[in-house]
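Pasting coords-v8.cif here (mmCIF, N, CA and C atoms):
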```
data_coords
loop_
_atom_site.label_atom_id
_atom_site.label_comp_id
_atom_site.auth_asym_id
_atom_site.auth_seq_id
_atom_site.Cartn_x
_atom_site.Cartn_y
_atom_site.Cartn_z
N MET A 1 18.54 11.70 3.62
CA MET A 1 17.82 12.27 2.51
C MET A 1 17.84 13.79 2.64
N ASP A 2 18.23 14.46 1.58
CA ASP A 2 18.31 15.92 1.64
C ASP A 2 17.19 16.55 0.81
N ASP A 3 17.25 17.87 0.69
CA ASP A 3 16.22 18.62 -0.01
C ASP A 3 16.09 18.19 -1.47
N LEU A 4 17.20 17.94 -2.14
CA LEU A 4 17.13 17.52 -3.55
C LEU A 4 16.44 16.16 -3.67
N ASP A 5 16.76 15.23 -2.80
CA ASP A 5 16.08 13.94 -2.81
C ASP A 5 14.57 14.12 -2.63
N ALA A 6 14.19 14.96 -1.68
CA ALA A 6 12.77 15.21 -1.42
C ALA A 6 12.09 15.82 -2.64
N ARG A 7 12.73 16.82 -3.24
CA ARG A 7 12.14 17.46 -4.43
C ARG A 7 12.06 16.47 -5.59
N LEU A 8 13.05 15.61 -5.71
CA LEU A 8 13.04 14.58 -6.74
C LEU A 8 11.84 13.66 -6.56
N LEU A 9 11.63 13.18 -5.35
CA LEU A 9 10.51 12.27 -5.07
C LEU A 9 9.16 12.94 -5.28
N VAL A 10 9.02 14.17 -4.80
CA VAL A 10 7.75 14.88 -4.97
C VAL A 10 7.45 15.09 -6.45
N THR A 11 8.46 15.46 -7.22
CA THR A 11 8.26 15.69 -8.65
C THR A 11 7.91 14.38 -9.36
N MET A 12 8.58 13.31 -8.99
CA MET A 12 8.27 12.01 -9.61
C MET A 12 6.86 11.55 -9.26
N ARG A 13 6.41 11.81 -8.05
CA ARG A 13 5.04 11.44 -7.66
C ARG A 13 4.02 12.28 -8.42
N ALA A 14 4.34 13.56 -8.64
CA ALA A 14 3.42 14.45 -9.35
C ALA A 14 3.38 14.13 -10.84
N HIS A 15 4.49 13.64 -11.38
CA HIS A 15 4.61 13.36 -12.81
C HIS A 15 5.24 11.98 -13.00
N PRO A 16 4.48 10.90 -12.79
CA PRO A 16 5.05 9.55 -12.79
C PRO A 16 5.70 9.13 -14.10
N ARG A 17 5.34 9.76 -15.21
CA ARG A 17 5.88 9.36 -16.51
C ARG A 17 7.00 10.29 -16.98
N ILE A 18 7.49 11.13 -16.10
CA ILE A 18 8.51 12.10 -16.48
C ILE A 18 9.83 11.38 -16.80
N GLY A 19 10.51 11.88 -17.82
CA GLY A 19 11.81 11.33 -18.18
C GLY A 19 12.91 11.96 -17.35
N LEU A 20 14.08 11.31 -17.36
CA LEU A 20 15.21 11.82 -16.57
C LEU A 20 15.64 13.21 -16.99
N THR A 21 15.68 13.46 -18.29
CA THR A 21 16.12 14.78 -18.78
C THR A 21 15.18 15.87 -18.31
N GLU A 22 13.87 15.63 -18.43
CA GLU A 22 12.89 16.64 -17.99
C GLU A 22 12.92 16.79 -16.48
N LEU A 23 13.09 15.70 -15.77
CA LEU A 23 13.19 15.75 -14.32
C LEU A 23 14.39 16.60 -13.90
N ALA A 24 15.51 16.39 -14.55
CA ALA A 24 16.71 17.18 -14.26
C ALA A 24 16.46 18.66 -14.55
N ARG A 25 15.80 18.95 -15.67
CA ARG A 25 15.49 20.34 -16.03
C ARG A 25 14.62 20.99 -14.96
N GLN A 26 13.57 20.29 -14.53
CA GLN A 26 12.67 20.86 -13.53
C GLN A 26 13.36 21.07 -12.18
N LEU A 27 14.30 20.21 -11.86
CA LEU A 27 15.01 20.33 -10.58
C LEU A 27 16.22 21.25 -10.66
N GLY A 28 16.62 21.60 -11.89
CA GLY A 28 17.76 22.50 -12.07
C GLY A 28 19.10 21.84 -11.78
N VAL A 29 19.21 20.54 -12.08
CA VAL A 29 20.46 19.81 -11.87
C VAL A 29 20.78 19.00 -13.13
N ALA A 30 21.96 18.42 -13.18
CA ALA A 30 22.38 17.61 -14.32
C ALA A 30 21.64 16.28 -14.33
N ARG A 31 21.47 15.73 -15.54
CA ARG A 31 20.80 14.44 -15.69
C ARG A 31 21.54 13.36 -14.89
N GLY A 32 22.85 13.38 -14.91
CA GLY A 32 23.65 12.41 -14.17
C GLY A 32 23.40 12.48 -12.67
N THR A 33 23.17 13.70 -12.17
CA THR A 33 22.85 13.88 -10.75
C THR A 33 21.53 13.20 -10.41
N VAL A 34 20.55 13.38 -11.29
CA VAL A 34 19.24 12.76 -11.08
C VAL A 34 19.39 11.23 -11.08
N GLN A 35 20.14 10.70 -12.06
CA GLN A 35 20.32 9.25 -12.15
C GLN A 35 21.01 8.71 -10.90
N THR A 36 22.05 9.39 -10.45
CA THR A 36 22.77 8.97 -9.24
C THR A 36 21.87 8.99 -8.03
N ARG A 37 21.09 10.05 -7.88
CA ARG A 37 20.17 10.16 -6.74
C ARG A 37 19.12 9.06 -6.79
N MET A 38 18.57 8.79 -7.98
CA MET A 38 17.56 7.74 -8.10
C MET A 38 18.16 6.38 -7.76
N ASP A 39 19.37 6.11 -8.26
CA ASP A 39 20.03 4.84 -7.94
C ASP A 39 20.22 4.69 -6.43
N LYS A 40 20.63 5.78 -5.79
CA LYS A 40 20.85 5.76 -4.33
C LYS A 40 19.53 5.51 -3.59
N LEU A 41 18.47 6.18 -4.02
CA LEU A 41 17.16 6.02 -3.38
C LEU A 41 16.59 4.61 -3.60
N MET A 42 16.85 4.04 -4.75
CA MET A 42 16.39 2.66 -5.01
C MET A 42 17.19 1.67 -4.16
N ALA A 43 18.50 1.86 -4.10
CA ALA A 43 19.34 0.95 -3.31
C ALA A 43 18.98 1.00 -1.82
N ALA A 44 18.55 2.18 -1.36
CA ALA A 44 18.18 2.34 0.05
C ALA A 44 16.75 1.87 0.32
N GLY A 45 16.02 1.49 -0.74
CA GLY A 45 14.64 1.04 -0.56
C GLY A 45 13.63 2.16 -0.42
N VAL A 46 14.06 3.40 -0.63
CA VAL A 46 13.13 4.53 -0.55
C VAL A 46 12.17 4.48 -1.73
N ILE A 47 12.70 4.28 -2.94
CA ILE A 47 11.87 4.07 -4.12
C ILE A 47 11.69 2.56 -4.26
N LYS A 48 10.44 2.12 -4.14
CA LYS A 48 10.17 0.68 -4.17
C LYS A 48 9.92 0.16 -5.57
N ASP A 49 9.25 0.96 -6.41
CA ASP A 49 8.94 0.49 -7.75
C ASP A 49 8.55 1.68 -8.63
N PHE A 50 8.37 1.39 -9.89
CA PHE A 50 7.93 2.40 -10.84
C PHE A 50 6.63 1.98 -11.51
N GLY A 51 5.94 1.02 -10.92
CA GLY A 51 4.71 0.51 -11.50
C GLY A 51 3.56 1.50 -11.40
N PRO A 52 2.55 1.30 -12.20
CA PRO A 52 1.39 2.18 -12.11
C PRO A 52 0.60 1.92 -10.82
N THR A 53 -0.05 2.95 -10.33
CA THR A 53 -0.94 2.80 -9.19
C THR A 53 -2.30 2.37 -9.75
N VAL A 54 -2.76 1.21 -9.37
CA VAL A 54 -3.99 0.64 -9.92
C VAL A 54 -5.11 0.82 -8.90
N ASP A 55 -6.25 1.30 -9.36
CA ASP A 55 -7.42 1.50 -8.52
C ASP A 55 -8.27 0.23 -8.54
N PRO A 56 -8.31 -0.53 -7.44
CA PRO A 56 -9.10 -1.77 -7.43
C PRO A 56 -10.57 -1.55 -7.80
N ALA A 57 -11.14 -0.42 -7.42
CA ALA A 57 -12.55 -0.16 -7.73
C ALA A 57 -12.78 -0.12 -9.24
N ARG A 58 -11.80 0.39 -9.97
CA ARG A 58 -11.93 0.49 -11.44
C ARG A 58 -11.64 -0.84 -12.13
N THR A 59 -11.19 -1.82 -11.36
CA THR A 59 -10.94 -3.15 -11.94
C THR A 59 -12.00 -4.16 -11.49
N GLY A 60 -13.09 -3.66 -10.92
CA GLY A 60 -14.20 -4.54 -10.54
C GLY A 60 -14.29 -4.89 -9.08
N TYR A 61 -13.51 -4.21 -8.23
CA TYR A 61 -13.52 -4.48 -6.79
C TYR A 61 -13.83 -3.19 -6.04
N PRO A 62 -15.10 -2.74 -6.07
CA PRO A 62 -15.45 -1.45 -5.47
C PRO A 62 -15.54 -1.43 -3.95
N ILE A 63 -15.59 -2.58 -3.31
CA ILE A 63 -15.70 -2.64 -1.85
C ILE A 63 -14.31 -2.68 -1.25
N LEU A 64 -14.03 -1.75 -0.34
CA LEU A 64 -12.78 -1.74 0.41
C LEU A 64 -13.11 -1.96 1.87
N ALA A 65 -12.44 -2.91 2.48
CA ALA A 65 -12.68 -3.20 3.90
C ALA A 65 -11.36 -3.38 4.62
N PHE A 66 -11.40 -3.11 5.91
CA PHE A 66 -10.26 -3.34 6.79
C PHE A 66 -10.70 -4.44 7.75
N VAL A 67 -10.00 -5.55 7.69
CA VAL A 67 -10.36 -6.72 8.48
C VAL A 67 -9.26 -6.96 9.51
N GLN A 68 -9.67 -6.95 10.77
CA GLN A 68 -8.74 -7.24 11.86
C GLN A 68 -8.91 -8.71 12.24
N LEU A 69 -7.79 -9.38 12.47
CA LEU A 69 -7.84 -10.80 12.78
C LEU A 69 -7.16 -11.09 14.11
N GLN A 70 -7.78 -11.98 14.86
CA GLN A 70 -7.14 -12.55 16.04
C GLN A 70 -6.61 -13.92 15.63
N ILE A 71 -5.34 -14.14 15.92
CA ILE A 71 -4.67 -15.36 15.48
C ILE A 71 -4.44 -16.28 16.67
N ALA A 72 -4.58 -17.59 16.45
CA ALA A 72 -4.32 -18.57 17.50
C ALA A 72 -2.85 -18.48 17.91
N GLN A 73 -2.62 -18.63 19.20
CA GLN A 73 -1.27 -18.52 19.76
C GLN A 73 -0.28 -19.40 19.00
N GLY A 74 0.82 -18.79 18.55
CA GLY A 74 1.88 -19.53 17.88
C GLY A 74 1.60 -19.90 16.44
N ARG A 75 0.51 -19.36 15.86
CA ARG A 75 0.13 -19.76 14.50
C ARG A 75 0.14 -18.59 13.51
N LEU A 76 0.90 -17.56 13.83
CA LEU A 76 0.94 -16.38 12.95
C LEU A 76 1.44 -16.74 11.56
N ALA A 77 2.54 -17.46 11.45
CA ALA A 77 3.10 -17.81 10.14
C ALA A 77 2.08 -18.59 9.30
N GLU A 78 1.38 -19.51 9.94
CA GLU A 78 0.36 -20.30 9.24
C GLU A 78 -0.77 -19.40 8.74
N ALA A 79 -1.20 -18.46 9.58
CA ALA A 79 -2.26 -17.54 9.19
C ALA A 79 -1.82 -16.67 8.01
N VAL A 80 -0.62 -16.13 8.09
CA VAL A 80 -0.12 -15.27 7.02
C VAL A 80 -0.01 -16.05 5.72
N GLU A 81 0.46 -17.26 5.78
CA GLU A 81 0.56 -18.09 4.58
C GLU A 81 -0.83 -18.30 3.96
N ARG A 82 -1.82 -18.53 4.80
CA ARG A 82 -3.20 -18.69 4.31
C ARG A 82 -3.70 -17.40 3.66
N LEU A 83 -3.42 -16.27 4.29
CA LEU A 83 -3.86 -14.98 3.76
C LEU A 83 -3.22 -14.68 2.41
N ARG A 84 -1.97 -15.10 2.23
CA ARG A 84 -1.27 -14.90 0.94
C ARG A 84 -2.01 -15.56 -0.21
N SER A 85 -2.75 -16.61 0.07
CA SER A 85 -3.45 -17.34 -0.99
C SER A 85 -4.77 -16.68 -1.39
N VAL A 86 -5.15 -15.61 -0.71
CA VAL A 86 -6.41 -14.92 -1.01
C VAL A 86 -6.07 -13.65 -1.80
N PRO A 87 -6.34 -13.62 -3.11
CA PRO A 87 -5.93 -12.48 -3.93
C PRO A 87 -6.56 -11.15 -3.52
N GLU A 88 -7.73 -11.21 -2.92
CA GLU A 88 -8.41 -9.97 -2.53
C GLU A 88 -7.79 -9.30 -1.31
N ILE A 89 -6.92 -10.00 -0.61
CA ILE A 89 -6.21 -9.40 0.52
C ILE A 89 -4.98 -8.69 -0.04
N LEU A 90 -5.05 -7.37 -0.07
CA LEU A 90 -4.00 -6.57 -0.69
C LEU A 90 -2.81 -6.34 0.23
N GLU A 91 -3.08 -6.26 1.53
CA GLU A 91 -2.02 -6.01 2.52
C GLU A 91 -2.41 -6.67 3.83
N ALA A 92 -1.41 -7.02 4.61
CA ALA A 92 -1.64 -7.50 5.98
C ALA A 92 -0.50 -6.97 6.84
N HIS A 93 -0.87 -6.35 7.95
CA HIS A 93 0.10 -5.74 8.86
C HIS A 93 -0.06 -6.33 10.25
N GLY A 94 1.05 -6.67 10.89
CA GLY A 94 1.03 -7.08 12.28
C GLY A 94 0.74 -5.87 13.15
N THR A 95 -0.12 -6.04 14.16
CA THR A 95 -0.53 -4.90 14.98
C THR A 95 -0.40 -5.23 16.47
N SER A 96 -0.42 -4.18 17.26
CA SER A 96 -0.49 -4.35 18.71
C SER A 96 -1.94 -4.20 19.12
N GLY A 97 -2.25 -4.54 20.34
CA GLY A 97 -3.62 -4.38 20.83
C GLY A 97 -4.40 -5.67 20.77
N GLN A 98 -5.71 -5.52 20.65
CA GLN A 98 -6.63 -6.65 20.72
C GLN A 98 -6.48 -7.63 19.55
N HIS A 99 -6.12 -7.12 18.39
CA HIS A 99 -6.00 -7.95 17.20
C HIS A 99 -4.54 -8.13 16.83
N ASP A 100 -4.28 -9.17 16.05
CA ASP A 100 -2.90 -9.50 15.67
C ASP A 100 -2.54 -9.00 14.28
N LEU A 101 -3.52 -8.97 13.38
CA LEU A 101 -3.28 -8.54 12.00
C LEU A 101 -4.36 -7.58 11.55
N LEU A 102 -3.97 -6.65 10.70
CA LEU A 102 -4.91 -5.73 10.05
C LEU A 102 -4.73 -5.93 8.56
N CYS A 103 -5.81 -6.30 7.88
CA CYS A 103 -5.75 -6.59 6.44
C CYS A 103 -6.57 -5.57 5.67
N ARG A 104 -6.03 -5.17 4.53
CA ARG A 104 -6.77 -4.34 3.58
C ARG A 104 -7.30 -5.29 2.53
N VAL A 105 -8.62 -5.32 2.39
CA VAL A 105 -9.29 -6.31 1.55
C VAL A 105 -10.20 -5.60 0.57
N VAL A 106 -10.24 -6.08 -0.68
CA VAL A 106 -11.19 -5.57 -1.66
C VAL A 106 -12.13 -6.69 -2.07
N ALA A 107 -13.32 -6.30 -2.52
CA ALA A 107 -14.31 -7.30 -2.92
C ALA A 107 -15.20 -6.72 -4.01
N LYS A 108 -15.86 -7.63 -4.73
CA LYS A 108 -16.77 -7.22 -5.80
C LYS A 108 -18.11 -6.73 -5.27
N SER A 109 -18.48 -7.22 -4.08
CA SER A 109 -19.75 -6.86 -3.45
C SER A 109 -19.65 -7.21 -1.97
N THR A 110 -20.66 -6.82 -1.21
CA THR A 110 -20.64 -7.18 0.21
C THR A 110 -20.80 -8.69 0.37
N ASP A 111 -21.57 -9.33 -0.51
CA ASP A 111 -21.69 -10.78 -0.47
C ASP A 111 -20.33 -11.44 -0.72
N HIS A 112 -19.60 -10.90 -1.68
CA HIS A 112 -18.26 -11.42 -1.98
C HIS A 112 -17.34 -11.22 -0.78
N LEU A 113 -17.43 -10.06 -0.14
CA LEU A 113 -16.62 -9.81 1.07
C LEU A 113 -16.94 -10.83 2.15
N GLN A 114 -18.22 -11.11 2.34
CA GLN A 114 -18.62 -12.10 3.33
C GLN A 114 -18.03 -13.47 3.00
N ASP A 115 -18.02 -13.83 1.71
CA ASP A 115 -17.43 -15.10 1.29
C ASP A 115 -15.93 -15.14 1.58
N ILE A 116 -15.24 -14.02 1.34
CA ILE A 116 -13.79 -13.95 1.59
C ILE A 116 -13.52 -14.15 3.08
N ILE A 117 -14.29 -13.46 3.92
CA ILE A 117 -14.10 -13.57 5.37
C ILE A 117 -14.40 -14.99 5.84
N ALA A 118 -15.48 -15.57 5.33
CA ALA A 118 -15.83 -16.95 5.71
C ALA A 118 -14.71 -17.91 5.30
N ASP A 119 -14.13 -17.67 4.14
CA ASP A 119 -13.03 -18.51 3.68
C ASP A 119 -11.81 -18.38 4.59
N VAL A 120 -11.48 -17.16 4.97
CA VAL A 120 -10.34 -16.92 5.87
C VAL A 120 -10.59 -17.62 7.21
N LEU A 121 -11.82 -17.59 7.67
CA LEU A 121 -12.15 -18.20 8.97
C LEU A 121 -12.10 -19.73 8.95
N THR A 122 -11.98 -20.33 7.78
CA THR A 122 -11.83 -21.79 7.74
C THR A 122 -10.45 -22.22 8.20
N SER A 123 -9.51 -21.29 8.26
CA SER A 123 -8.17 -21.62 8.75
C SER A 123 -8.20 -21.75 10.26
N PRO A 124 -7.69 -22.85 10.81
CA PRO A 124 -7.63 -23.00 12.26
C PRO A 124 -6.72 -21.95 12.92
N ALA A 125 -5.87 -21.31 12.13
CA ALA A 125 -4.97 -20.29 12.67
C ALA A 125 -5.69 -18.97 12.97
N VAL A 126 -6.85 -18.78 12.32
CA VAL A 126 -7.61 -17.53 12.50
C VAL A 126 -8.77 -17.82 13.45
N GLN A 127 -8.78 -17.11 14.58
CA GLN A 127 -9.82 -17.34 15.58
C GLN A 127 -11.03 -16.44 15.40
N ARG A 128 -10.79 -15.19 15.00
CA ARG A 128 -11.90 -14.22 14.95
C ARG A 128 -11.53 -13.09 14.00
N THR A 129 -12.55 -12.50 13.37
CA THR A 129 -12.33 -11.32 12.53
C THR A 129 -13.26 -10.20 12.98
N ASP A 130 -12.86 -8.99 12.67
CA ASP A 130 -13.67 -7.80 12.91
C ASP A 130 -13.50 -6.93 11.67
N THR A 131 -14.59 -6.64 10.97
CA THR A 131 -14.51 -5.99 9.67
C THR A 131 -15.14 -4.60 9.69
N THR A 132 -14.45 -3.67 9.05
CA THR A 132 -14.97 -2.33 8.84
C THR A 132 -14.93 -2.05 7.34
N ILE A 133 -16.08 -1.67 6.78
CA ILE A 133 -16.14 -1.34 5.35
C ILE A 133 -15.94 0.16 5.20
N ALA A 134 -15.04 0.54 4.30
CA ALA A 134 -14.80 1.96 4.02
C ALA A 134 -15.94 2.48 3.14
N LEU A 135 -16.53 3.59 3.56
CA LEU A 135 -17.60 4.21 2.78
C LEU A 135 -17.04 5.18 1.75
N SER A 136 -15.91 5.79 2.08
CA SER A 136 -15.26 6.72 1.16
C SER A 136 -13.81 6.89 1.60
N THR A 137 -13.02 7.45 0.70
CA THR A 137 -11.62 7.74 1.01
C THR A 137 -11.50 9.24 1.19
N GLN A 138 -11.24 9.67 2.40
CA GLN A 138 -11.14 11.09 2.70
C GLN A 138 -9.73 11.63 2.43
N ILE A 139 -8.72 10.82 2.71
CA ILE A 139 -7.34 11.19 2.42
C ILE A 139 -6.70 9.99 1.76
N PRO A 140 -6.46 10.05 0.45
CA PRO A 140 -5.82 8.92 -0.21
C PRO A 140 -4.35 8.82 0.21
N TYR A 141 -3.74 7.68 -0.09
CA TYR A 141 -2.33 7.50 0.25
C TYR A 141 -1.53 8.71 -0.22
N ARG A 142 -0.67 9.18 0.65
CA ARG A 142 0.17 10.33 0.32
C ARG A 142 1.48 10.21 1.07
N ILE A 143 2.51 10.76 0.50
CA ILE A 143 3.82 10.78 1.13
C ILE A 143 4.42 12.19 1.09
N GLU A 144 3.91 12.99 0.18
CA GLU A 144 4.47 14.33 -0.04
C GLU A 144 4.56 15.19 1.22
N PRO A 145 3.57 15.19 2.11
CA PRO A 145 3.69 16.03 3.31
C PRO A 145 4.90 15.67 4.19
N LEU A 146 5.32 14.41 4.14
CA LEU A 146 6.49 14.01 4.93
C LEU A 146 7.78 14.47 4.28
N LEU A 147 7.74 14.66 2.96
CA LEU A 147 8.95 15.03 2.22
C LEU A 147 9.17 16.53 2.16
N LEU A 148 8.08 17.27 2.13
CA LEU A 148 8.18 18.73 2.00
C LEU A 148 8.48 19.37 3.36
N PRO A 149 9.17 20.49 3.36
CA PRO A 149 9.44 21.17 4.64
C PRO A 149 8.14 21.56 5.33
N HIS A 150 8.09 21.38 6.64
CA HIS A 150 6.87 21.77 7.38
C HIS A 150 7.22 22.39 8.68
#
```
Can the structure in the file be given as structure tokens, please?
Amino acid sequence: MDDLDARLLVTMRAHPRIGLTELARQLGVARGTVQTRMDKLMAAGVIKDFGPTVDPARTGYPILAFVQLQIAQGRLAEAVERLRSVPEILEAHGTSGQHDLLCRVVAKSTDHLQDIIADVLTSPAVQRTDTTIALSTQIPYRIEPLLLPH
């Protein structure tokens, strides 16, 4: 990835609805160059999608929690399959250390969060959970600092 790719990504993140012609104008390159670069970045998996970023809190899920799970030996696939069936679990990452998975979970209320956790614990593949509720977001998801020269 070179400087033009980085500037392309930063501009697209700053202006998600920008058209190719305007993007090319802002970057000072031909429209075809922008299209070729975007195709290359998509093929490489750098650009994952063009969907809108949706705020769960604005859709009725104001509680954000990070739930760490300890999984029964040899039952990771079973646990992950169970987690996939819970719509409030937005992400699950395999981790090192004391816990096996870290999940990003949203809920309508703390009571709802408790119900979600209790439901997850009904799986024999999940042995224990440890939950942290986010009180605020101090640094929202960002990628620009990695792309810009530093």
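Once Gln35 in chain A and its same-chain neighbours fewer than 6 positions away are set aside, Leu20, Thr21, Leu23, Ala24 and Leu41 of chain A remain within 10 Å of it when counting only C-alpha atoms.
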Go ahead and dump the residues you just picked, N, CA and C atoms, as a PDB file, in the coordinates of the input.
```pdb
ATOM      1  N   LEU A  20      14.080  11.310 -17.360  1.00  0.00           N
ATOM      2  CA  LEU A  20      15.210  11.820 -16.570  1.00  0.00           C
ATOM      3  C   LEU A  20      15.640  13.210 -16.990  1.00  0.00           C
ATOM      4  N   THR A  21      15.680  13.460 -18.290  1.00  0.00           N
ATOM      5  CA  THR A  21      16.120  14.780 -18.780  1.00  0.00           C
ATOM      6  C   THR A  21      15.180  15.870 -18.310  1.00  0.00           C
ATOM      7  N   LEU A  23      13.090  15.700 -15.770  1.00  0.00           N
ATOM      8  CA  LEU A  23      13.190  15.750 -14.320  1.00  0.00           C
ATOM      9  C   LEU A  23      14.390  16.600 -13.900  1.00  0.00           C
ATOM     10  N   ALA A  24      15.510  16.390 -14.550  1.00  0.00           N
ATOM     11  CA  ALA A  24      16.710  17.180 -14.260  1.00  0.00           C
ATOM     12  C   ALA A  24      16.460  18.660 -14.550  1.00  0.00           C
ATOM     13  N   LEU A  41      18.470   6.180  -4.020  1.00  0.00           N
ATOM     14  CA  LEU A  41      17.160   6.020  -3.380  1.00  0.00           C
ATOM     15  C   LEU A  41      16.590   4.610  -3.600  1.00  0.00           C
TER      16      LEU A  41
END
```
- [ ] Return the single residue from A:Ser123, A:Thr36, A:Thr110, A:Gln26 that is closest to Ala79 in chain A, with distances computed using only C-alpha atoms.
- [x] A:Ser123
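Of note, CA of Cys103 in chain A and CA of Val67 in chain A are spaced 5.0 Å apart.
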- [ ] Among the residues of chain A, find those DSSP assigns to helix (DSSP H, G or I) from the backbone and print them as a ChimeraX atom specification.
- [x] /A:3-14,20-27,31-43,56-59,76-84,110-120,144-147
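Our summary of the geometry notes that atom C of Gln68 in chain A is positioned 7.8 Å from atom C of Gln98 in chain A.
Pairwise distance (CA of Ile117 in chain A, CA of Gly51 in chain A) equals 28.9 Å.
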TODO: Report as a VMD selection string the residues that result from applying the PyMOL selection byres (((chain A and resi 50 and name CA) around 12) and name CA) to the structure here.
DONE: chain A and resid 9 12 to 13 15 to 18 38 42 46 to 49 51 to 53
Open item on the list: DSSP on the backbone, strand (DSSP E) only: what residues of range 28-145 of chain A does that give? Format it as an NGL selection string.
Closed with: :A and (63-71 or 89-94 or 101-107 or 126-133)
TODO: Given the file shown, enumerate the residues that the PyMOL selection byres (((chain A and resi 56 and name CA) around 12) and name CA) captures and present them as a ChimeraX atom specification.
DONE: /A:53-55,57-65,87-90,104-108
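Across A:Arg37, A:Arg128, A:Arg25, A:Arg31, the tightest approach to Leu4 in chain A is made by A:Arg37 when counting all atoms listed in the file.
Ranking A:Leu27, A:Ala125, A:Val120, A:Ala134 by their shortest atom-to-atom distance to Leu76 in chain A, with only N, CA and C atoms included, puts A:Ala125 first.
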- [ ] Please write the residues picked by the PyMOL selection byres ((chain A and resi 131) around 5) on this file as a ChimeraX atom specification.
- [x] /A:66-68,129-130,132-133
Task: Polymer residues at most 7 Å from Val126 in chain A, only C-alpha atoms, same-chain spacing of 5 or more positions, as an MDAnalysis selection string - done: chainID A and resid 69:72 79 121
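Nearest residue to Gln73 in chain A among A:His99, A:Glu91, A:Arg7, A:His112 is A:His99, counting only C-alpha atoms.
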